[in-house]
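Student: Would you mind keeping the following structure in view while I ask a few things?
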Amino acid sequence: MNRIVAIAKKQPIWIFVVVCLVFFSLSSPYFFDINNFSNILLQASTIGLIALGMTFVMINGNIDLSVGATVALAASLAVGLQPVLGIPGAVCVGLLSGILVGALNGIIAWKTGVDAFIVTLGAMIGVRGIVFIYTEEQSFYAFDFAYSDFGSSTLFSIPVLVLIFGLLTITAHLILKYSIHGRNVFAVGGNRVAAKEAGIRVGPHMLVNFILVGFLAALSGVLLSTQMGASTPNLGRNYELWTITAVVLGGTRLTGGFGSIIGTLGGVLAIAILRNGMNLLQVPSFYVLIILGSILIIVLVIDKRFSSHQGQGVGA
Amino acid sequence: MSAHVEMEESVSRPSDQKTVFQLRGVSKSFPGVKALNGVDLDVREGEVHALLGENGAGKSTLMKILAGIYQPDEGEIILEGQPVHMRTPLEARDYGVLLIHQELSLVPDMTVAENVFLNNMPRFAKLFVHNGHLNDRCAEILSRLNCKFKPTERLGSLSIANQQMVEIARALVFHPKVVIFDEPTASLTDYEKVVLFGVIRELKEDGAAIVYISHRMDEIFELSDRISVLRDGVYQETFETAKTNEDEVTQRMIGRDLDSDIAHEPPELGEIALQVSNLSIAGLYSDISFDVSVGEVVGFYGLVGAGRTEVMETIFGLRKPDSGEIRVNGKASGINCPSDAIDHGLGLVPESRKEQGLVLGMSCKDNTTLAHLGDFTKFGWINAAAEKAIFNQYMEKLRIKCPGWEYSTQNLSGGNQQKVVIGKWLSTSPKILILDEPTRGIDVGSKSEIHHLIRDLAKSGLAVIVVSSEMPEVLTVSDRIIGMYDGKITKCFDRAEVTEDSLIRAITGQEV
């Protein structure tokens, strides 16, 4: 029991995930089903991949609003360039575009000192513009079926995209928890001055994280386009908001210094399960939005209640 | 100056004056420290009452009690014969007691008038700000203060001195009975100081009681009618300014036995570890030259704002010098950032442990290894066992009281937090260790432990610099003491030849 309370305090979102699982299992006959679970994970993996990178950026005390636009850019390039470069070449260009957007965000934020919120807000608007110019407002279709076959392929009857997401989640968790870079993510986000004085090169460090989230957003876009066998210029709209919602649900603080990949995974799953479950219960989609918005606020209120008694020192 | 004092005497003899404000037996404790112990104080109508004491003597605690920021544990505050309880600064303001902060608490993007009447704006129809009225009333107050700027100017465009005037103007709105000034001249030029003193004298003429806190002897003797001295949280004595002199007051302020438990043998000096020549940054400090040898502790003594911290930050690569040279072990250092400094064997225990020293949300262990995490890794992966071992080693060595390595540093006491910061730098095996105010705000026990540690470190072959504003501290730990005033080194003392009086003179800009 104590253990459950401890987990509830540390990762309240996982309690919520369990509650959702139980609730939907009891209320819908279609929910508790291997195929449905694999479906939930597949849906979760798109936002999930971006959320992994966003966790690093947000623990750093930054934010990246340009990820949704990057999803569209990478997907459009990866599909649109296939006739010219072939699938591997086009996918590489797509992924590179994400790295480039991330690097640009990071370098501008580092060198000018402008807040990441503003820099990436600009990138979000600008990159979306580039997508529309490149695609001329057209959707692209992948003519080679190998591309969309990959998106629906499975290994040991698990979707390959879910495996990729799972593998990267584990890697991100290990890096954040056990590597120098991961430790520095917390130090820079927790106290930038102290981190700098301890010899951490804060600017380059943050740049790496922006590149990471840019790359993961691009990867997410490319994988999404393999699922659909196509790309549209409006792909990834509002993804930045869903990603941030998932990360924050997972206990990462907007002010930086706290957070975990486990929590983020919980946040991602919570959103995916809710959407899937309410869909099965035939809740109209607009009501789903109201419920998701309310839950975001409620979970954060609970989190604040649990942690409010910490961090109050007595100043002498 | 003396003529001025005589004039004050003739205008108002103390016996005519009513006591406005009294403290009786006021005590205040913080965890581990008794900041004030049974302090009595009388402040009279129409006088400038200076409050004097070393850092840590309890001046700022007393001031915060006067202004309603802290509540006394014991004792009472009597305002015009009535005991009062001021639970918040707002209540104190309603009683007519106002504090002019050392750090300005103004809104830079609002106009002067808006700042003066912040939270107290003249209104019409209850909801709207009456701008005409606002600016007129502000202009009235500004003219009383002989201010040349307009109520409609943006506050941020004013000089610091004028901003301070705005802060005073804001106090005048409330027709204060008692105005407390905390180091008001710290950021003022000489001319601005004269203007401020004029204003203070005018307030006094109007019958307000002024409590004036400063380290600067010359100012206190120029301005005050009486001087009360605090030492180690205990009220010492009140002097009539006209009937005393700097030596007598200084004596009363220091009046302690030197820490004798630290034996001072002449150190066995090794090579020169750090040599700084003609280092300057415009506006902060100029022409700083000194050296520190292996096995030696050099104390940097001076007032807050004398430029000591900035010099240390420059050595550590946090600031770029305009000119001058820093040599580490005889070679030009070429330090451009803290990680270069760490590679050169430097460590800096910073002035404020919470803002600069610790990542408060991280554990004790994680903070300890932060500055050289690379030493605990293989291919970028952290070896947590090695980390724990090093933290446990320093926890034992520095006697850090904490439940375990995973404990968050934000829940430690100040003294233990400081020990974690020191442990962090010691674990990098530095050759040169700089400690900036290493014992600020920590309890007496930890303080003495840190002093012993500093001596032991020097003995074990480190070159150590201690920056401090506390005289007992520099006298206890240093082999040599460098006095700084206003961005310049005024004198370098050998420990054997230093006197407290000469030290005070060196850091207050009096002739040495």
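Ordering of the structure tokens sets the chain letters (A, B, ...); residue numbers start at 1 within each chain; ligands are numbered from 1 in the order shown.
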Could you go through range 135-346 of chain B and tell me which residues DSSP, when run on the backbone, assigns to strand (DSSP E), listing them as an mmCIF file with N, CA and C atoms, in the first residue's frame?
Tutor:
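In the end it all went to part_9.cif:
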data_model
loop_
_atom_site.group_PDB
_atom_site.id
_atom_site.type_symbol
_atom_site.label_atom_id
_atom_site.label_comp_id
_atom_site.auth_asym_id
_atom_site.auth_seq_id
_atom_site.Cartn_x
_atom_site.Cartn_y
_atom_site.Cartn_z
ATOM 1 N N VAL B 178 8.350 57.106 11.104
ATOM 2 C CA VAL B 178 9.692 56.525 11.173
ATOM 3 C C VAL B 178 10.085 56.059 9.769
ATOM 4 N N VAL B 179 11.255 56.489 9.299
ATOM 5 C CA VAL B 179 11.745 56.017 8.013
ATOM 6 C C VAL B 179 13.073 55.303 8.237
ATOM 7 N N ILE B 180 13.167 54.083 7.709
ATOM 8 C CA ILE B 180 14.381 53.299 7.904
ATOM 9 C C ILE B 180 15.130 53.244 6.578
ATOM 10 N N PHE B 181 16.373 53.666 6.586
ATOM 11 C CA PHE B 181 17.203 53.587 5.389
ATOM 12 C C PHE B 181 18.220 52.460 5.557
ATOM 13 N N ASP B 182 18.232 51.530 4.610
ATOM 14 C CA ASP B 182 19.188 50.433 4.686
ATOM 15 C C ASP B 182 20.259 50.629 3.625
ATOM 16 N N ALA B 209 11.332 60.421 12.491
ATOM 17 C CA ALA B 209 12.505 59.767 13.076
ATOM 18 C C ALA B 209 13.154 58.930 11.978
ATOM 19 N N ILE B 210 14.464 59.039 11.837
ATOM 20 C CA ILE B 210 15.162 58.330 10.773
ATOM 21 C C ILE B 210 16.062 57.276 11.398
ATOM 22 N N VAL B 211 15.936 56.036 10.941
ATOM 23 C CA VAL B 211 16.909 55.016 11.328
ATOM 24 C C VAL B 211 17.796 54.790 10.117
ATOM 25 N N TYR B 212 19.084 54.945 10.311
ATOM 26 C CA TYR B 212 19.997 54.941 9.171
ATOM 27 C C TYR B 212 21.037 53.839 9.361
ATOM 28 N N ILE B 213 21.034 52.883 8.434
ATOM 29 C CA ILE B 213 21.959 51.759 8.557
ATOM 30 C C ILE B 213 23.027 51.879 7.494
ATOM 31 N N ARG B 226 22.598 60.363 16.738
ATOM 32 C CA ARG B 226 23.035 59.360 17.705
ATOM 33 C C ARG B 226 23.398 58.070 16.964
ATOM 34 N N ILE B 227 24.227 57.287 17.603
ATOM 35 C CA ILE B 227 24.679 56.034 16.993
ATOM 36 C C ILE B 227 24.454 54.911 17.987
ATOM 37 N N SER B 228 23.729 53.860 17.542
ATOM 38 C CA SER B 228 23.607 52.679 18.393
ATOM 39 C C SER B 228 24.399 51.543 17.770
ATOM 40 N N VAL B 229 25.078 50.809 18.628
ATOM 41 C CA VAL B 229 25.952 49.749 18.136
ATOM 42 C C VAL B 229 25.395 48.384 18.528
ATOM 43 N N LEU B 230 25.373 47.478 17.561
ATOM 44 C CA LEU B 230 24.984 46.099 17.804
ATOM 45 C C LEU B 230 26.201 45.214 17.588
ATOM 46 N N ARG B 231 26.323 44.178 18.388
ATOM 47 C CA ARG B 231 27.382 43.199 18.136
ATOM 48 C C ARG B 231 26.842 41.812 18.449
ATOM 49 N N VAL B 234 23.524 41.529 20.064
ATOM 50 C CA VAL B 234 23.313 42.135 21.373
ATOM 51 C C VAL B 234 23.533 43.643 21.267
ATOM 52 N N TYR B 235 22.583 44.410 21.846
ATOM 53 C CA TYR B 235 22.721 45.863 21.866
ATOM 54 C C TYR B 235 23.881 46.244 22.768
ATOM 55 N N GLN B 236 24.759 47.139 22.282
ATOM 56 C CA GLN B 236 25.933 47.501 23.055
ATOM 57 C C GLN B 236 25.757 48.827 23.783
ATOM 58 N N GLU B 237 25.560 49.875 22.997
ATOM 59 C CA GLU B 237 25.575 51.198 23.595
ATOM 60 C C GLU B 237 25.068 52.196 22.580
ATOM 61 N N THR B 238 24.526 53.327 23.064
ATOM 62 C CA THR B 238 24.150 54.404 22.151
ATOM 63 C C THR B 238 25.022 55.613 22.454
ATOM 64 N N PHE B 239 25.634 56.151 21.385
ATOM 65 C CA PHE B 239 26.511 57.311 21.543
ATOM 66 C C PHE B 239 25.823 58.555 21.008
ATOM 67 N N GLU B 240 26.081 59.711 21.630
ATOM 68 C CA GLU B 240 25.759 60.986 20.990
ATOM 69 C C GLU B 240 26.854 61.212 19.957
ATOM 70 N N ILE B 272 54.349 30.102 -6.368
ATOM 71 C CA ILE B 272 53.189 30.960 -6.589
ATOM 72 C C ILE B 272 52.198 30.210 -7.481
ATOM 73 N N ALA B 273 51.010 29.993 -6.985
ATOM 74 C CA ALA B 273 50.022 29.217 -7.732
ATOM 75 C C ALA B 273 49.204 30.114 -8.657
ATOM 76 N N LEU B 274 48.880 31.287 -8.161
ATOM 77 C CA LEU B 274 48.030 32.188 -8.942
ATOM 78 C C LEU B 274 48.600 33.586 -8.872
ATOM 79 N N GLN B 275 48.801 34.162 -10.053
ATOM 80 C CA GLN B 275 49.316 35.522 -10.070
ATOM 81 C C GLN B 275 48.426 36.375 -10.958
ATOM 82 N N VAL B 276 47.915 37.436 -10.381
ATOM 83 C CA VAL B 276 47.023 38.334 -11.115
ATOM 84 C C VAL B 276 47.718 39.669 -11.232
ATOM 85 N N SER B 277 47.834 40.191 -12.464
ATOM 86 C CA SER B 277 48.454 41.506 -12.581
ATOM 87 C C SER B 277 47.600 42.479 -13.381
ATOM 88 N N ASN B 278 47.406 43.637 -12.785
ATOM 89 C CA ASN B 278 46.749 44.793 -13.414
ATOM 90 C C ASN B 278 45.403 44.454 -14.039
ATOM 91 N N LEU B 279 44.661 43.603 -13.397
ATOM 92 C CA LEU B 279 43.368 43.202 -13.931
ATOM 93 C C LEU B 279 42.356 44.346 -13.770
ATOM 94 N N SER B 280 41.629 44.632 -14.851
ATOM 95 C CA SER B 280 40.633 45.710 -14.795
ATOM 96 C C SER B 280 39.391 45.342 -15.595
ATOM 97 N N ILE B 281 38.239 45.739 -15.072
ATOM 98 C CA ILE B 281 37.012 45.784 -15.878
ATOM 99 C C ILE B 281 36.387 47.143 -15.583
ATOM 100 N N TYR B 285 36.078 47.142 -11.332
ATOM 101 C CA TYR B 285 37.293 47.228 -10.526
ATOM 102 C C TYR B 285 38.434 47.590 -11.448
ATOM 103 N N SER B 286 39.547 48.052 -10.859
ATOM 104 C CA SER B 286 40.649 48.432 -11.722
ATOM 105 C C SER B 286 41.990 48.110 -11.080
ATOM 106 N N ASP B 287 42.913 47.741 -11.902
ATOM 107 C CA ASP B 287 44.308 47.587 -11.528
ATOM 108 C C ASP B 287 44.499 46.649 -10.335
ATOM 109 N N ILE B 288 43.918 45.471 -10.436
ATOM 110 C CA ILE B 288 44.018 44.505 -9.346
ATOM 111 C C ILE B 288 45.249 43.615 -9.577
ATOM 112 N N SER B 289 46.184 43.630 -8.641
ATOM 113 C CA SER B 289 47.365 42.767 -8.716
ATOM 114 C C SER B 289 47.574 42.075 -7.382
ATOM 115 N N PHE B 290 47.728 40.768 -7.428
ATOM 116 C CA PHE B 290 48.079 40.037 -6.206
ATOM 117 C C PHE B 290 48.522 38.642 -6.604
ATOM 118 N N ASP B 291 49.095 37.917 -5.650
ATOM 119 C CA ASP B 291 49.405 36.525 -5.940
ATOM 120 C C ASP B 291 49.063 35.660 -4.734
ATOM 121 N N VAL B 292 48.910 34.390 -4.984
ATOM 122 C CA VAL B 292 48.620 33.436 -3.916
ATOM 123 C C VAL B 292 49.557 32.258 -4.102
ATOM 124 N N SER B 293 50.215 31.844 -3.013
ATOM 125 C CA SER B 293 51.164 30.737 -3.106
ATOM 126 C C SER B 293 50.524 29.446 -2.616
ATOM 127 N N VAL B 297 46.583 30.987 2.668
ATOM 128 C CA VAL B 297 45.207 31.482 2.583
ATOM 129 C C VAL B 297 45.262 33.001 2.492
ATOM 130 N N VAL B 298 44.725 33.540 1.406
ATOM 131 C CA VAL B 298 44.666 34.986 1.268
ATOM 132 C C VAL B 298 43.226 35.429 1.440
ATOM 133 N N GLY B 299 43.000 36.347 2.381
ATOM 134 C CA GLY B 299 41.648 36.845 2.614
ATOM 135 C C GLY B 299 41.412 38.116 1.826
ATOM 136 N N PHE B 300 40.264 38.198 1.191
ATOM 137 C CA PHE B 300 39.852 39.437 0.521
ATOM 138 C C PHE B 300 38.771 40.066 1.364
ATOM 139 N N TYR B 301 39.095 41.208 1.962
ATOM 140 C CA TYR B 301 38.156 41.835 2.870
ATOM 141 C C TYR B 301 37.665 43.138 2.251
ATOM 142 N N GLY B 302 36.392 43.394 2.376
ATOM 143 C CA GLY B 302 35.854 44.639 1.854
ATOM 144 C C GLY B 302 34.352 44.644 2.023
ATOM 145 N N SER B 323 41.526 44.384 -19.312
ATOM 146 C CA SER B 323 42.984 44.323 -19.439
ATOM 147 C C SER B 323 43.541 43.573 -18.245
ATOM 148 N N GLY B 324 44.850 43.258 -18.320
ATOM 149 C CA GLY B 324 45.485 42.564 -17.212
ATOM 150 C C GLY B 324 45.698 41.097 -17.534
ATOM 151 N N GLU B 325 46.399 40.439 -16.629
ATOM 152 C CA GLU B 325 46.808 39.072 -16.909
ATOM 153 C C GLU B 325 46.587 38.184 -15.690
ATOM 154 N N ILE B 326 46.201 36.942 -15.968
ATOM 155 C CA ILE B 326 46.048 35.958 -14.896
ATOM 156 C C ILE B 326 46.977 34.799 -15.228
ATOM 157 N N ARG B 327 47.903 34.482 -14.303
ATOM 158 C CA ARG B 327 48.816 33.359 -14.537
ATOM 159 C C ARG B 327 48.554 32.282 -13.495
ATOM 160 N N VAL B 328 48.392 31.052 -14.001
ATOM 161 C CA VAL B 328 48.185 29.912 -13.104
ATOM 162 C C VAL B 328 49.438 29.052 -13.187
ATOM 163 N N LYS B 331 52.062 30.080 -15.763
ATOM 164 C CA LYS B 331 51.730 30.178 -17.183
ATOM 165 C C LYS B 331 50.472 31.025 -17.374
ATOM 166 N N ALA B 332 50.461 31.793 -18.471
ATOM 167 C CA ALA B 332 49.265 32.559 -18.778
ATOM 168 C C ALA B 332 48.102 31.584 -18.904
ATOM 169 N N LEU B 346 41.158 25.063 -10.855
ATOM 170 C CA LEU B 346 40.518 26.075 -10.024
ATOM 171 C C LEU B 346 39.152 25.602 -9.552
#
Student: Would you kindly report the residues of chain A within 10 Å of chain B, using only C-alpha atoms, as a PyMOL selection string?
Tutor: chain A and resi 174-175+177-184+186-201+257-258+310-316
Student: Please, could you write that set of residues out with N, CA and C atoms as a short mmCIF file (atom, residue, chain, number, x, y, z; two decimals), in the first residue's frame?
Tutor:
data_model
loop_
_atom_site.label_atom_id
_atom_site.label_comp_id
_atom_site.auth_asym_id
_atom_site.auth_seq_id
_atom_site.Cartn_x
_atom_site.Cartn_y
_atom_site.Cartn_z
N LEU A 174 17.30 5.58 -20.57
CA LEU A 174 18.65 5.29 -20.10
C LEU A 174 19.54 6.52 -20.20
N ILE A 175 19.44 7.23 -21.32
CA ILE A 175 20.27 8.43 -21.49
C ILE A 175 19.93 9.47 -20.42
N LYS A 177 18.60 9.08 -17.55
CA LYS A 177 18.83 8.68 -16.16
C LYS A 177 20.29 8.35 -15.86
N TYR A 178 21.00 7.82 -16.85
CA TYR A 178 22.32 7.27 -16.51
C TYR A 178 23.48 7.87 -17.27
N SER A 179 23.25 8.86 -18.15
CA SER A 179 24.39 9.41 -18.88
C SER A 179 24.74 10.80 -18.37
N ILE A 180 25.93 11.26 -18.72
CA ILE A 180 26.34 12.61 -18.37
C ILE A 180 25.37 13.62 -18.95
N HIS A 181 25.06 13.39 -20.24
CA HIS A 181 24.16 14.34 -20.89
C HIS A 181 22.84 14.43 -20.13
N GLY A 182 22.33 13.27 -19.74
CA GLY A 182 21.06 13.24 -19.02
C GLY A 182 21.14 14.00 -17.71
N ARG A 183 22.22 13.77 -16.96
CA ARG A 183 22.39 14.45 -15.69
C ARG A 183 22.44 15.95 -15.89
N ASN A 184 23.16 16.34 -16.96
CA ASN A 184 23.28 17.77 -17.23
C ASN A 184 21.94 18.40 -17.63
N PHE A 186 19.13 17.85 -16.24
CA PHE A 186 18.51 18.27 -14.98
C PHE A 186 19.24 19.46 -14.37
N ALA A 187 20.57 19.43 -14.44
CA ALA A 187 21.35 20.50 -13.82
C ALA A 187 21.06 21.84 -14.50
N VAL A 188 21.06 21.84 -15.84
CA VAL A 188 20.84 23.08 -16.57
C VAL A 188 19.42 23.59 -16.33
N GLY A 189 18.46 22.66 -16.30
CA GLY A 189 17.08 23.07 -16.07
C GLY A 189 16.83 23.48 -14.63
N GLY A 190 17.52 22.83 -13.70
CA GLY A 190 17.31 23.12 -12.28
C GLY A 190 17.91 24.42 -11.85
N ASN A 191 19.11 24.72 -12.33
CA ASN A 191 19.78 25.97 -11.97
C ASN A 191 20.85 26.27 -13.01
N ARG A 192 20.47 27.09 -13.98
CA ARG A 192 21.36 27.34 -15.10
C ARG A 192 22.68 27.98 -14.66
N VAL A 193 22.60 28.88 -13.67
CA VAL A 193 23.81 29.56 -13.20
C VAL A 193 24.76 28.56 -12.56
N ALA A 194 24.21 27.71 -11.69
CA ALA A 194 25.05 26.73 -11.01
C ALA A 194 25.66 25.77 -12.03
N ALA A 195 24.87 25.39 -13.04
CA ALA A 195 25.38 24.47 -14.06
C ALA A 195 26.54 25.11 -14.81
N LYS A 196 26.38 26.37 -15.15
CA LYS A 196 27.43 27.08 -15.89
C LYS A 196 28.70 27.16 -15.04
N GLU A 197 28.51 27.49 -13.76
CA GLU A 197 29.68 27.63 -12.89
C GLU A 197 30.33 26.29 -12.59
N ALA A 198 29.58 25.21 -12.78
CA ALA A 198 30.17 23.89 -12.60
C ALA A 198 30.87 23.43 -13.87
N GLY A 199 30.96 24.30 -14.86
CA GLY A 199 31.72 23.99 -16.06
C GLY A 199 30.92 23.35 -17.18
N ILE A 200 29.61 23.26 -17.03
CA ILE A 200 28.79 22.71 -18.12
C ILE A 200 28.61 23.79 -19.17
N ARG A 201 28.87 23.43 -20.44
CA ARG A 201 28.67 24.40 -21.52
C ARG A 201 27.19 24.41 -21.88
N GLY A 257 13.94 21.32 -14.70
CA GLY A 257 14.58 20.72 -13.54
C GLY A 257 13.96 19.41 -13.07
N PHE A 258 12.71 19.15 -13.44
CA PHE A 258 12.07 17.92 -13.01
C PHE A 258 11.41 17.23 -14.20
N GLN A 310 6.92 20.31 -0.47
CA GLN A 310 8.37 20.24 -0.65
C GLN A 310 8.90 21.59 -1.08
N GLY A 311 10.20 21.72 -0.94
CA GLY A 311 10.86 22.89 -1.51
C GLY A 311 10.60 24.19 -0.79
N GLN A 312 10.16 24.11 0.44
CA GLN A 312 10.03 25.35 1.20
C GLN A 312 11.12 25.41 2.24
N GLY A 313 12.16 26.16 1.96
CA GLY A 313 13.26 26.26 2.91
C GLY A 313 12.99 27.42 3.85
N VAL A 314 13.68 27.44 4.97
CA VAL A 314 13.58 28.56 5.88
C VAL A 314 14.78 29.47 5.63
N GLY A 315 14.51 30.65 5.19
CA GLY A 315 15.61 31.59 4.95
C GLY A 315 16.00 32.26 6.24
N ALA A 316 17.26 32.23 6.58
CA ALA A 316 17.72 32.86 7.81
C ALA A 316 18.28 34.23 7.52
#
Student: So that I can see what lies close to range 220-236 of chain A, please list as a PyMOL selection string the residues with an atom at most 9 Å from it, counting only C-alpha atoms and leaving out residues fewer than 5 positions away in the same chain.
Tutor: chain A and resi 45-50+67-80+91+94-95+128+131-132+135-145+147-152+161+215
Student: Can you work out the spacing between CA of Asp190 in chain B and CA of Glu202 in chain B in Å, to one decimal?
Tutor: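 CA of Glu202 in chain B lies 18.7 Å from CA of Asp190 in chain B.
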Student: Which residues are near Met86 in chain B? Cut-off 12 Å, only C-alpha atoms, ignore same chain within fewer than 5 positions. Put them as an NGL selection string.
Tutor: :B and (64-72 or 76-79 or 91-98)
Student: For the alpha helix (DSSP H) assignment from backbone DSSP, which residues of range 15-97 of chain A qualify? Please present them as a PyMOL selection string.
Tutor: chain A and resi 15-27+34-59+67-80+82-97
Student: So that I can see what lies close to Gly203 in chain A, please list as a ChimeraX atom specification the residues with an atom at most 10 Å from it, counting only C-alpha atoms and leaving out residues fewer than 5 positions away in the same chain.
Tutor: /A:106-107,109-111,113,188,196,208
Student: Using the selection just defined, write its residues with C-alpha atoms as a compact mmCIF listing (two decimals), in the first residue's frame.
Tutor:
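Generated output (result-v2.txt):
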# COMPACT_ATOMS: atom_id res chain seq x y z
CA GLY A 106 19.02 25.81 -30.71
CA ILE A 107 21.64 28.08 -32.23
CA ALA A 109 18.22 30.52 -28.71
CA TRP A 110 21.84 30.02 -27.60
CA LYS A 111 23.50 32.88 -29.45
CA GLY A 113 19.51 34.54 -25.66
CA VAL A 188 20.84 23.08 -16.57
CA LYS A 196 27.43 27.08 -15.89
CA VAL A 208 21.88 19.05 -28.59
Student: What lies within 8 Å of Ile271 in chain A using only C-alpha atoms, ignoring chain neighbours under 6 positions off, as a ChimeraX atom specification?
Tutor: /A:44,246,292
Student: Between B:Ile141, B:Leu475, B:Ile200, B:Leu284, which has the minimum distance to Glu497 in chain B (counting only C-alpha atoms)?
Tutor: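 Comparing B:Ile141, B:Leu475, B:Ile200, B:Leu284 against Glu497 in chain B, the winner is B:Leu475.
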Student: Using only C-alpha atoms, which residues sit within 7 Å of Asp486 in chain B once same-chain residues fewer than 2 positions away are excluded, as a PyMOL selection string?
Tutor: chain B and resi 306-307+484+488
Student: Which one is closest to Thr111 in chain B: B:Tyr407, B:Phe128, B:Phe149, B:Tyr191? Count only C-alpha atoms.
Tutor: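 Closest candidate: B:Phe149.
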